[in-house]
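Data file: coords-v4.pdb. Format and content: PDB, C-alpha atoms and all ligand atoms.
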```pdb
MODEL        1
ATOM      1  CA  MET A  28     133.353 162.005 107.892
ATOM      2  CA  PRO A  29     133.376 158.219 107.899
ATOM      3  CA  LEU A  30     136.741 156.612 108.498
ATOM      4  CA  PRO A  31     138.842 155.746 105.443
ATOM      5  CA  GLU A  32     138.135 152.313 104.001
ATOM      6  CA  LYS A  33     140.925 150.481 105.791
ATOM      7  CA  ALA A  34     139.936 151.812 109.182
ATOM      8  CA  LEU A  35     136.280 151.124 108.463
ATOM      9  CA  ILE A  36     136.970 147.504 107.562
ATOM     10  CA  ALA A  37     139.168 147.120 110.635
ATOM     11  CA  GLY A  38     136.318 148.513 112.704
ATOM     12  CA  ILE A  39     133.842 146.090 111.197
ATOM     13  CA  ARG A  40     136.290 143.228 111.602
ATOM     14  CA  GLY A  41     136.829 144.103 115.227
ATOM     15  CA  ALA A  42     133.106 144.329 115.859
ATOM     16  CA  ALA A  43     132.364 141.122 113.999
ATOM     17  CA  LYS A  44     134.365 138.696 116.133
ATOM     18  CA  ALA A  45     131.402 136.393 116.686
ATOM     19  CA  GLY A  46     131.476 132.582 116.489
ATOM     20  CA  LYS A  47     132.857 131.449 113.151
ATOM     21  CA  GLY A  48     130.721 128.398 112.416
ATOM     22  CA  ALA A  49     130.949 127.560 108.717
ATOM     23  CA  VAL A  50     133.517 130.287 108.052
ATOM     24  CA  VAL A  51     136.999 128.755 107.686
ATOM     25  CA  SER A  52     138.537 132.129 106.857
ATOM     26  CA  GLY A  53     136.620 135.386 106.722
ATOM     27  CA  ILE A  54     137.657 139.048 106.671
ATOM     28  CA  GLY A  55     141.349 139.540 105.884
ATOM     29  CA  ASP A  56     141.697 137.445 102.712
ATOM     30  CA  ASP A  57     140.628 138.105  99.134
ATOM     31  CA  SER A  58     137.684 135.750  99.498
ATOM     32  CA  ALA A  59     135.995 134.145 102.445
ATOM     33  CA  VAL A  60     136.446 130.382 102.751
ATOM     34  CA  LEU A  61     133.312 128.587 103.861
ATOM     35  CA  LYS A  62     132.687 124.988 104.732
ATOM     36  CA  PRO A  63     129.023 124.036 104.446
ATOM     37  CA  PRO A  64     127.763 121.266 106.732
ATOM     38  CA  PRO A  65     128.209 117.847 105.082
ATOM     39  CA  GLY A  66     125.333 116.852 102.796
ATOM     40  CA  HIS A  67     123.964 120.386 102.614
ATOM     41  CA  GLU A  68     123.110 122.646  99.693
ATOM     42  CA  ILE A  69     123.946 126.349  99.755
ATOM     43  CA  LEU A  70     121.323 129.111  99.789
ATOM     44  CA  VAL A  71     122.262 132.614  98.643
ATOM     45  CA  THR A  72     120.166 135.772  98.918
ATOM     46  CA  THR A  73     121.000 139.411  98.303
ATOM     47  CA  ASP A  74     119.025 142.544  99.217
ATOM     48  CA  PHE A  75     119.583 146.257  98.858
ATOM     49  CA  THR A  76     118.771 148.708 101.628
ATOM     50  CA  LEU A  77     118.622 152.195 100.115
ATOM     51  CA  GLU A  78     118.268 155.515 101.871
ATOM     52  CA  GLY A  79     115.035 157.208 100.785
ATOM     53  CA  VAL A  80     113.570 153.910  99.610
ATOM     54  CA  HIS A  81     113.816 151.635 102.637
ATOM     55  CA  PHE A  82     114.602 154.132 105.366
ATOM     56  CA  ARG A  83     115.035 157.789 106.188
ATOM     57  CA  ARG A  84     117.717 158.998 108.543
ATOM     58  CA  GLU A  85     115.223 161.255 110.364
ATOM     59  CA  TRP A  86     112.764 158.379 110.907
ATOM     60  CA  HIS A  87     115.010 155.439 111.608
ATOM     61  CA  SER A  88     117.887 155.241 114.048
ATOM     62  CA  PRO A  89     121.100 153.781 112.594
ATOM     63  CA  GLU A  90     120.638 150.684 114.797
ATOM     64  CA  VAL A  91     117.156 150.144 113.330
ATOM     65  CA  VAL A  92     118.472 150.543 109.760
ATOM     66  CA  GLY A  93     121.207 147.958 110.468
ATOM     67  CA  ARG A  94     118.811 145.480 112.019
ATOM     68  CA  ARG A  95     116.271 145.848 109.216
ATOM     69  CA  CYS A  96     119.020 145.484 106.608
ATOM     70  CA  LEU A  97     120.055 142.051 107.915
ATOM     71  CA  THR A  98     116.450 141.014 108.592
ATOM     72  CA  ARG A  99     115.749 141.178 104.852
ATOM     73  CA  GLY A 100     118.444 138.593 104.152
ATOM     74  CA  LEU A 101     117.773 136.302 107.117
ATOM     75  CA  SER A 102     114.049 136.277 106.325
ATOM     76  CA  ASP A 103     114.798 134.928 102.838
ATOM     77  CA  ILE A 104     116.880 132.112 104.349
ATOM     78  CA  ALA A 105     114.020 131.404 106.793
ATOM     79  CA  ALA A 106     111.584 131.167 103.857
ATOM     80  CA  MET A 107     113.587 128.233 102.450
ATOM     81  CA  GLY A 108     113.710 126.462 105.812
ATOM     82  CA  GLY A 109     117.452 127.140 105.937
ATOM     83  CA  GLN A 110     120.059 128.028 108.543
ATOM     84  CA  PRO A 111     122.224 131.117 107.920
ATOM     85  CA  LEU A 112     125.959 130.402 107.580
ATOM     86  CA  ALA A 113     127.575 133.767 106.868
ATOM     87  CA  VAL A 114     126.744 137.394 106.117
ATOM     88  CA  PHE A 115     128.474 139.733 103.640
ATOM     89  CA  LEU A 116     127.870 143.467 103.695
ATOM     90  CA  SER A 117     128.725 146.097 101.097
ATOM     91  CA  LEU A 118     128.306 149.718 102.107
ATOM     92  CA  ALA A 119     128.400 152.873 100.000
ATOM     93  CA  LEU A 120     128.537 155.892 102.304
ATOM     94  CA  PRO A 121     128.491 159.624 101.587
ATOM     95  CA  GLY A 122     131.648 161.476 102.659
ATOM     96  CA  THR A 123     129.617 163.701 104.986
ATOM     97  CA  LEU A 124     128.255 160.813 107.055
ATOM     98  CA  PRO A 125     129.435 160.856 110.684
ATOM     99  CA  GLN A 126     131.397 157.734 111.688
ATOM    100  CA  LYS A 127     129.051 157.490 114.670
ATOM    101  CA  TRP A 128     126.214 156.645 112.261
ATOM    102  CA  VAL A 129     128.229 153.767 110.781
ATOM    103  CA  ASP A 130     129.147 152.453 114.245
ATOM    104  CA  ARG A 131     125.525 152.483 115.344
ATOM    105  CA  PHE A 132     124.371 150.865 112.073
ATOM    106  CA  MET A 133     126.893 148.054 112.611
ATOM    107  CA  LYS A 134     125.736 147.690 116.222
ATOM    108  CA  GLY A 135     122.152 147.058 115.063
ATOM    109  CA  LEU A 136     123.213 144.695 112.296
ATOM    110  CA  LEU A 137     125.695 142.706 114.390
ATOM    111  CA  GLY A 138     123.263 142.519 117.310
ATOM    112  CA  LEU A 139     120.827 140.615 115.101
ATOM    113  CA  ALA A 140     123.682 138.535 113.622
ATOM    114  CA  ARG A 141     124.645 137.470 117.144
ATOM    115  CA  GLU A 142     121.036 136.487 117.943
ATOM    116  CA  PHE A 143     121.243 133.949 115.123
ATOM    117  CA  LYS A 144     124.949 133.141 115.644
ATOM    118  CA  VAL A 145     125.833 134.070 112.081
ATOM    119  CA  PRO A 146     129.228 135.709 111.448
ATOM    120  CA  LEU A 147     129.928 138.689 109.202
ATOM    121  CA  ALA A 148     132.495 137.135 106.876
ATOM    122  CA  GLY A 149     133.267 139.931 104.416
ATOM    123  CA  GLY A 150     132.106 142.892 102.430
ATOM    124  CA  ASP A 151     133.139 146.045 100.661
ATOM    125  CA  THR A 152     132.984 149.795 101.190
ATOM    126  CA  ALA A 153     132.886 152.691  98.753
ATOM    127  CA  GLN A 154     132.063 156.379  98.832
ATOM    128  CA  SER A 155     128.656 157.325  97.472
ATOM    129  CA  PRO A 156     127.847 160.809  96.153
ATOM    130  CA  ARG A 157     124.884 161.427  98.443
ATOM    131  CA  ASP A 158     122.838 158.567  99.908
ATOM    132  CA  ILE A 159     123.609 155.560 102.071
ATOM    133  CA  LEU A 160     123.393 152.230 100.232
ATOM    134  CA  ALA A 161     123.810 148.850 101.900
ATOM    135  CA  ASP A 162     123.786 145.509 100.128
ATOM    136  CA  ILE A 163     123.447 142.462 102.326
ATOM    137  CA  VAL A 164     124.293 138.976 101.120
ATOM    138  CA  VAL A 165     123.371 136.029 103.330
ATOM    139  CA  LEU A 166     124.583 132.497 102.697
ATOM    140  CA  GLY A 167     122.676 129.674 104.294
ATOM    141  CA  SER A 168     122.264 125.947 103.912
ATOM    142  CA  VAL A 169     119.722 123.135 104.007
ATOM    143  CA  PRO A 170     120.181 119.367 103.831
ATOM    144  CA  LYS A 171     120.287 118.400 100.144
ATOM    145  CA  GLY A 172     116.910 118.384  98.435
ATOM    146  CA  THR A 173     114.932 119.719 101.411
ATOM    147  CA  ALA A 174     114.731 123.482 100.678
ATOM    148  CA  LEU A 175     111.137 124.702 100.837
ATOM    149  CA  LEU A 176     110.262 126.171  97.461
ATOM    150  CA  ARG A 177     107.436 128.384  96.248
ATOM    151  CA  SER A 178     106.406 125.747  93.726
ATOM    152  CA  GLY A 179     105.080 122.955  95.956
ATOM    153  CA  ALA A 180     101.518 124.116  96.733
ATOM    154  CA  LYS A 181      98.692 121.770  95.627
ATOM    155  CA  PRO A 182      94.939 122.406  95.300
ATOM    156  CA  GLY A 183      93.273 121.603  98.622
ATOM    157  CA  ASP A 184      96.301 122.643 100.735
ATOM    158  CA  TRP A 185      95.609 125.050 103.570
ATOM    159  CA  ILE A 186      97.359 128.441 103.559
ATOM    160  CA  TYR A 187      98.980 129.617 106.797
ATOM    161  CA  VAL A 188     100.753 132.744 107.971
ATOM    162  CA  THR A 189     102.955 133.258 111.019
ATOM    163  CA  GLY A 190     102.567 136.184 113.420
ATOM    164  CA  GLU A 191     100.448 139.198 112.549
ATOM    165  CA  LEU A 192     100.345 141.202 109.350
ATOM    166  CA  GLY A 193     100.378 144.908 108.535
ATOM    167  CA  GLY A 194     102.522 146.014 111.458
ATOM    168  CA  GLY A 195     105.568 146.703 109.290
ATOM    169  CA  SER A 196     103.802 149.100 106.963
ATOM    170  CA  ALA A 197     101.603 150.658 109.668
ATOM    171  CA  ALA A 198     104.641 152.430 111.074
ATOM    172  CA  LEU A 199     105.565 153.736 107.635
ATOM    173  CA  LYS A 200     102.007 154.929 107.087
ATOM    174  CA  ALA A 201     102.150 156.888 110.352
ATOM    175  CA  LEU A 202     105.569 158.353 109.520
ATOM    176  CA  ILE A 203     104.486 159.394 106.024
ATOM    177  CA  ALA A 204     101.418 161.065 107.551
ATOM    178  CA  GLY A 205     103.788 163.114 109.709
ATOM    179  CA  LYS A 206     102.862 161.321 112.932
ATOM    180  CA  LYS A 207     105.234 160.035 115.556
ATOM    181  CA  ALA A 208     105.848 156.296 115.489
ATOM    182  CA  LYS A 209     107.444 155.060 118.688
ATOM    183  CA  PRO A 210     109.496 151.887 118.282
ATOM    184  CA  ARG A 211     107.695 150.161 121.141
ATOM    185  CA  ASP A 212     104.319 150.787 119.476
ATOM    186  CA  PHE A 213     105.496 149.305 116.152
ATOM    187  CA  PRO A 214     107.829 146.443 117.098
ATOM    188  CA  ARG A 215     107.613 144.655 113.743
ATOM    189  CA  HIS A 216     108.875 147.744 111.938
ATOM    190  CA  PHE A 217     111.585 148.861 114.334
ATOM    191  CA  HIS A 218     112.653 145.511 115.784
ATOM    192  CA  PRO A 219     111.825 142.796 113.245
ATOM    193  CA  VAL A 220     112.718 139.177 114.046
ATOM    194  CA  PRO A 221     113.275 136.918 111.026
ATOM    195  CA  ARG A 222     111.416 133.606 111.397
ATOM    196  CA  ILE A 223     114.485 131.369 111.084
ATOM    197  CA  ILE A 224     113.412 128.981 113.854
ATOM    198  CA  VAL A 225     109.852 128.595 112.534
ATOM    199  CA  GLY A 226     111.115 127.984 108.984
ATOM    200  CA  ASP A 227     113.571 125.381 110.251
ATOM    201  CA  VAL A 228     110.858 123.531 112.230
ATOM    202  CA  LEU A 229     108.529 123.508 109.195
ATOM    203  CA  ARG A 230     111.285 122.035 107.018
ATOM    204  CA  ARG A 231     112.616 119.489 109.503
ATOM    205  CA  ARG A 232     109.149 118.172 110.360
ATOM    206  CA  ARG A 233     108.133 118.238 106.679
ATOM    207  CA  LEU A 234     105.008 120.219 107.504
ATOM    208  CA  ALA A 235     104.926 122.688 104.585
ATOM    209  CA  THR A 236     104.483 122.042 100.861
ATOM    210  CA  ALA A 237     105.544 125.565  99.772
ATOM    211  CA  MET A 238     106.826 128.665 101.543
ATOM    212  CA  ILE A 239     107.694 132.344 101.019
ATOM    213  CA  ASP A 240     108.498 135.212 103.389
ATOM    214  CA  LEU A 241     106.104 138.144 103.562
ATOM    215  CA  SER A 242     108.384 140.958 102.468
ATOM    216  CA  ASP A 243     106.273 142.521  99.710
ATOM    217  CA  GLY A 244     102.809 142.032 101.237
ATOM    218  CA  LEU A 245     100.365 139.113 101.483
ATOM    219  CA  SER A 246      98.633 139.783  98.147
ATOM    220  CA  THR A 247     101.903 139.939  96.202
ATOM    221  CA  ASP A 248     103.714 137.116  97.993
ATOM    222  CA  LEU A 249     100.714 134.755  97.826
ATOM    223  CA  THR A 250     100.522 135.505  94.095
ATOM    224  CA  HIS A 251     104.194 134.472  93.780
ATOM    225  CA  ILE A 252     103.390 131.106  95.413
ATOM    226  CA  CYS A 253     100.360 130.633  93.131
ATOM    227  CA  GLU A 254     102.341 131.479  90.000
ATOM    228  CA  GLU A 255     105.227 129.178  90.861
ATOM    229  CA  SER A 256     102.881 126.349  91.910
ATOM    230  CA  ARG A 257     100.413 126.964  89.031
ATOM    231  CA  VAL A 258      97.451 127.109  91.388
ATOM    232  CA  GLY A 259      94.924 129.643  92.681
ATOM    233  CA  ALA A 260      93.978 130.600  96.230
ATOM    234  CA  GLU A 261      91.076 131.779  98.308
ATOM    235  CA  ILE A 262      91.755 133.882 101.388
ATOM    236  CA  LEU A 263      89.258 134.746 104.145
ATOM    237  CA  ALA A 264      89.435 138.412 105.141
ATOM    238  CA  ALA A 265      88.055 137.719 108.626
ATOM    239  CA  ASP A 266      90.802 135.187 109.361
ATOM    240  CA  ILE A 267      93.814 137.354 108.505
ATOM    241  CA  PRO A 268      95.677 138.086 111.753
ATOM    242  CA  ARG A 269      96.017 141.863 111.813
ATOM    243  CA  ALA A 270      98.824 143.439 113.791
ATOM    244  CA  ARG A 271      97.905 145.612 116.764
ATOM    245  CA  VAL A 272      99.946 148.779 116.688
ATOM    246  CA  GLY A 273     100.222 152.239 118.157
ATOM    247  CA  GLY A 274      99.668 153.396 121.705
ATOM    248  CA  LEU A 275      96.078 152.083 121.656
ATOM    249  CA  ARG A 276      97.082 148.723 120.165
ATOM    250  CA  LYS A 277      94.376 148.912 117.519
ATOM    251  CA  PRO A 278      94.328 146.322 114.725
ATOM    252  CA  VAL A 279      95.629 147.757 111.455
ATOM    253  CA  ASP A 280      93.356 148.298 108.438
ATOM    254  CA  LEU A 281      92.679 145.182 106.381
ATOM    255  CA  LYS A 282      94.406 146.888 103.440
ATOM    256  CA  LEU A 283      97.685 147.106 105.340
ATOM    257  CA  ALA A 284      97.419 143.443 106.365
ATOM    258  CA  LEU A 285      96.732 142.464 102.737
ATOM    259  CA  HIS A 286      99.139 144.715 100.878
ATOM    260  CA  GLY A 287     101.591 146.281 103.332
ATOM    261  CA  GLY A 288     105.090 144.880 103.086
ATOM    262  CA  GLU A 289     108.051 144.240 105.364
ATOM    263  CA  ASP A 290     106.349 142.100 107.971
ATOM    264  CA  TYR A 291     109.001 139.377 107.516
ATOM    265  CA  GLU A 292     106.513 136.711 108.566
ATOM    266  CA  LEU A 293     106.241 133.405 106.687
ATOM    267  CA  LEU A 294     103.407 132.253 104.426
ATOM    268  CA  PHE A 295     103.260 128.519 103.794
ATOM    269  CA  THR A 296     100.928 125.869 102.484
ATOM    270  CA  ALA A 297     100.355 122.421 103.977
ATOM    271  CA  HIS A 298      98.476 119.286 102.955
ATOM    272  CA  PRO A 299      94.959 119.267 104.516
ATOM    273  CA  THR A 300      95.744 116.163 106.607
ATOM    274  CA  THR A 301      99.005 117.593 108.026
ATOM    275  CA  PRO A 302      98.408 118.748 111.592
ATOM    276  CA  ILE A 303      99.859 122.250 111.996
ATOM    277  CA  PRO A 304     100.394 123.489 115.564
ATOM    278  CA  ASN A 305      98.799 126.861 116.328
ATOM    279  CA  ARG A 306     102.141 128.050 117.657
ATOM    280  CA  ILE A 307     105.631 127.173 116.468
ATOM    281  CA  ALA A 308     108.556 128.404 118.559
ATOM    282  CA  HIS A 309     106.128 130.731 120.413
ATOM    283  CA  VAL A 310     105.011 132.339 117.113
ATOM    284  CA  PRO A 311     101.261 132.087 116.355
ATOM    285  CA  VAL A 312     100.377 130.244 113.148
ATOM    286  CA  THR A 313      97.002 131.034 111.544
ATOM    287  CA  VAL A 314      95.135 129.421 108.662
ATOM    288  CA  VAL A 315      93.933 132.158 106.299
ATOM    289  CA  GLY A 316      92.554 130.219 103.314
ATOM    290  CA  HIS A 317      93.158 127.365 100.928
ATOM    291  CA  VAL A 318      94.781 126.592  97.598
ATOM    292  CA  THR A 319      92.442 126.155  94.604
ATOM    293  CA  ARG A 320      92.682 124.881  91.037
ATOM    294  CA  GLY A 321      93.141 127.468  88.299
ATOM    295  CA  ALA A 322      95.049 130.697  88.633
ATOM    296  CA  ASN A 323      92.665 133.034  90.488
ATOM    297  CA  VAL A 324      93.693 134.540  93.797
ATOM    298  CA  ARG A 325      90.500 135.605  95.536
ATOM    299  CA  LEU A 326      89.474 137.251  98.778
ATOM    300  CA  LYS A 327      86.278 136.322 100.613
ATOM    301  CA  SER A 328      85.056 139.364 102.521
ATOM    302  CA  GLU A 329      83.354 139.181 105.902
ATOM    303  CA  ASN A 330      79.920 139.293 104.157
ATOM    304  CA  GLY A 331      80.842 136.333 101.950
ATOM    305  CA  ALA A 332      81.486 138.226  98.679
ATOM    306  CA  LEU A 333      84.353 136.843  96.581
ATOM    307  CA  THR A 334      86.589 139.370  94.803
ATOM    308  CA  LYS A 335      89.829 139.065  92.875
ATOM    309  CA  LEU A 336      92.816 139.784  95.116
ATOM    310  CA  LYS A 337      95.240 141.746  92.978
ATOM    311  CA  PRO A 338      98.905 141.731  93.917
ATOM    312  CA  GLU A 339      99.017 145.253  95.301
ATOM    313  CA  GLY A 340     101.900 144.663  97.611
ATOM    314  CA  TRP A 341     104.849 146.767  98.461
ATOM    315  CA  GLU A 342     105.903 148.019  95.038
ATOM    316  CA  HIS A 343     102.483 149.398  94.193
ATOM    317  CA  PHE A 344     101.962 150.509  97.715
ATOM    318  CA  LYS A 345     105.004 152.748  97.356
ATOM    319  CA  GLN A 346     104.248 153.880  93.834
ATOM    320  CA  ARG A 347     100.795 155.074  94.800
ATOM    321  CA  ARG A 348     102.503 157.636  96.962
ATOM    322  CA  HIS A 349     105.856 158.068  95.293
ATOM    323  CA  SER A 350     108.416 155.718  93.920
ATOM    324  CA  ARG A 351     110.493 156.654  96.960
ATOM    325  CA  ILE A 352     109.504 157.465 100.484
ATOM    326  CA  PRO A 353     108.847 161.239 100.177
TER     327      PRO A 353
HETATM  328 MG    MG B   1     111.723 136.657 100.049
ENDMDL
END
```

Can the structure in the file be given as structure tokens, please?
Amino acid sequence: MPLPEKALIAGIRGAAKAGKGAVVSGIGDDSAVLKPPPGHEILVTTDFTLEGVHFRREWHSPEVVGRRCLTRGLSDIAAMGGQPLAVFLSLALPGTLPQKWVDRFMKGLLGLAREFKVPLAGGDTAQSPRDILADIVVLGSVPKGTALLRSGAKPGDWIYVTGELGGGSAALKALIAGKKAKPRDFPRHFHPVPRIIVGDVLRRRRLATAMIDLSDGLSTDLTHICEESRVGAEILAADIPRARVGGLRKPVDLKLALHGGEDYELLFTAHPTTPIPNRIAHVPVTVVGHVTRGANVRLKSENGALTKLKPEGWEHFKQRRHSRIP
């Protein structure tokens, strides 16, 4: 049985004694009091992590679930070029859940929070009838008027991605197929690192014209950029950096790199004359195509054929199997 609410909150509070930063007053009052850096605007993002949808207890250790839960929020702050200020966590837990699971979940979540020096400043707990539900809210900030939006891409801009793609969903594919997926063979799935530093560099050096994080899959997230910027895009299949996973470190299928979600890399566009380093903060940066006029998002295959790239990212990817992880 998990501890009663008061004890649970006390446990979280005790575990969350990291640096306070922007938090004037956190857990222990009715609301947290935050002080954003002078001249900054506030970023807010919220993401659910649901048992059976985003994780399964038999596939993911509690530490991994906690880390992935916070990664979702931090990655959204990274996509705006922001710095995280504070994290809020609401948990609904079934009465049968061992307290050990909650402790280990918090260990994974707070471990990542410490890496980015962002305090847990509040949250809520409730009992759920059956499944574990976690809602993470991350507040961040950027200097006024400098947030990187999805709407800034212009025809002629190059399209870049950070890291390698398809590694997040490759682990899920293996697990769904009933295979073993060892954390060290699928680091992007079991130990994701949100690209906060890369996003911050891109914003500070004014390198990117538009940005999004790759949470739903390249095809879907690129389509979001194109819709918001009212442009099209052409992507080169041969240039997409495919993750190497598994014991043999084989590159994933192109389909996973195109449509698999939860890589938490960044996709950004930049003016053709802007020099983009091929590594930022030790993370490889690869050009994968360019922005076009019109609204078509197209893929050029290795033999030169151009086809429409439909947004078949995460949502569809899941629905083709089941609406939930089976
Ligand atoms: Mg996002």

All residues having an atom within 9 Å of ligand MG 1 (chain B) (all atoms listed in the file) as a short mmCIF file (atom, residue, chain, number, x, y, z; two decimals) with C-alpha atoms, in the coordinates of the input:
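Saved result, out-v1.cif, follows:
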```
data_model
loop_
_atom_site.label_atom_id
_atom_site.label_comp_id
_atom_site.auth_asym_id
_atom_site.auth_seq_id
_atom_site.Cartn_x
_atom_site.Cartn_y
_atom_site.Cartn_z
CA THR A 72 120.17 135.77 98.92
CA ARG A 99 115.75 141.18 104.85
CA GLY A 100 118.44 138.59 104.15
CA SER A 102 114.05 136.28 106.32
CA ASP A 103 114.80 134.93 102.84
CA ILE A 104 116.88 132.11 104.35
CA ALA A 105 114.02 131.40 106.79
CA ALA A 106 111.58 131.17 103.86
CA MET A 107 113.59 128.23 102.45
CA ILE A 239 107.69 132.34 101.02
CA ASP A 240 108.50 135.21 103.39
CA LEU A 241 106.10 138.14 103.56
CA SER A 242 108.38 140.96 102.47
CA ASP A 243 106.27 142.52 99.71
CA ASP A 248 103.71 137.12 97.99
CA TYR A 291 109.00 139.38 107.52
#
```

Two-atom distance - CA of Pro221 (chain A), CA of Gly195 (chain A) (Å): 12.6 Å

CA of Ile262 (chain A) to CA of Gly287 (chain A), distance in Å rounded to a single decimal: 15.9 Å

Proximity of region 191-306 of chain A to region 132-152 of chain A: per-residue shortest pair, 10 Å limit, only C-alpha atoms, as a tab-separated table:
```
residue	atom	partner	partner_atom	distance
A:His218	CA	A:Leu139	CA	9.6
A:Pro219	CA	A:Leu139	CA	9.4
A:Val220	CA	A:Leu139	CA	8.3
A:Pro221	CA	A:Leu139	CA	9.3
A:Ile223	CA	A:Phe143	CA	8.3
A:Ile224	CA	A:Phe143	CA	9.4
```

Just the selected residues (C-alpha atoms), exported as an mmCIF file, in the coordinates of the input, please.
```
data_model
loop_
_atom_site.group_PDB
_atom_site.id
_atom_site.type_symbol
_atom_site.label_atom_id
_atom_site.label_comp_id
_atom_site.auth_asym_id
_atom_site.auth_seq_id
_atom_site.Cartn_x
_atom_site.Cartn_y
_atom_site.Cartn_z
ATOM 1 C CA HIS A 218 112.653 145.511 115.784
ATOM 2 C CA PRO A 219 111.825 142.796 113.245
ATOM 3 C CA VAL A 220 112.718 139.177 114.046
ATOM 4 C CA PRO A 221 113.275 136.918 111.026
ATOM 5 C CA ILE A 223 114.485 131.369 111.084
ATOM 6 C CA ILE A 224 113.412 128.981 113.854
#
```

Explicit residue set for the PyMOL selection byres (((chain A and resi 323) around 10) and not hetatm), as a PyMOL selection string: chain A and resi 250+253-254+257-261+318-322+324-326+334-337

One-decimal distance in Å that lies between CA of Gly340 (chain A) and CA of Trp185 (chain A): 21.4 Å

If I wrap all listed atoms of region 203-211 of chain A in a box with edges along x, y and z and add 6 Å on each side, what are its centre and edge lengths in Å to one decimal, as lines of an AutoDock Vina configuration file?
```
center_x = 105.5
center_y = 156.6
center_z = 113.6
size_x = 20.1
size_y = 25.0
size_z = 27.1
```

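Closest approach to Ala161 (chain A) among A:Ile203, A:Leu176, A:Cys96, A:Leu124: A:Cys96, based on only C-alpha atoms.
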
From A:Val314, A:Leu249, A:Leu70, A:Ala308, residue lying nearest Val188 (chain A) [all atoms listed in the file]: A:Val314

Residue nearest Val310 (chain A) among A:Met238, A:Ala59, A:Val228, A:Leu166 (counting all atoms listed in the file): A:Val228

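Remark: for Lys181 (chain A), the closest of the candidate residues A:Ala235, A:Leu285, A:Ala332, A:Val50 is A:Ala235 (distances computed over only C-alpha atoms).
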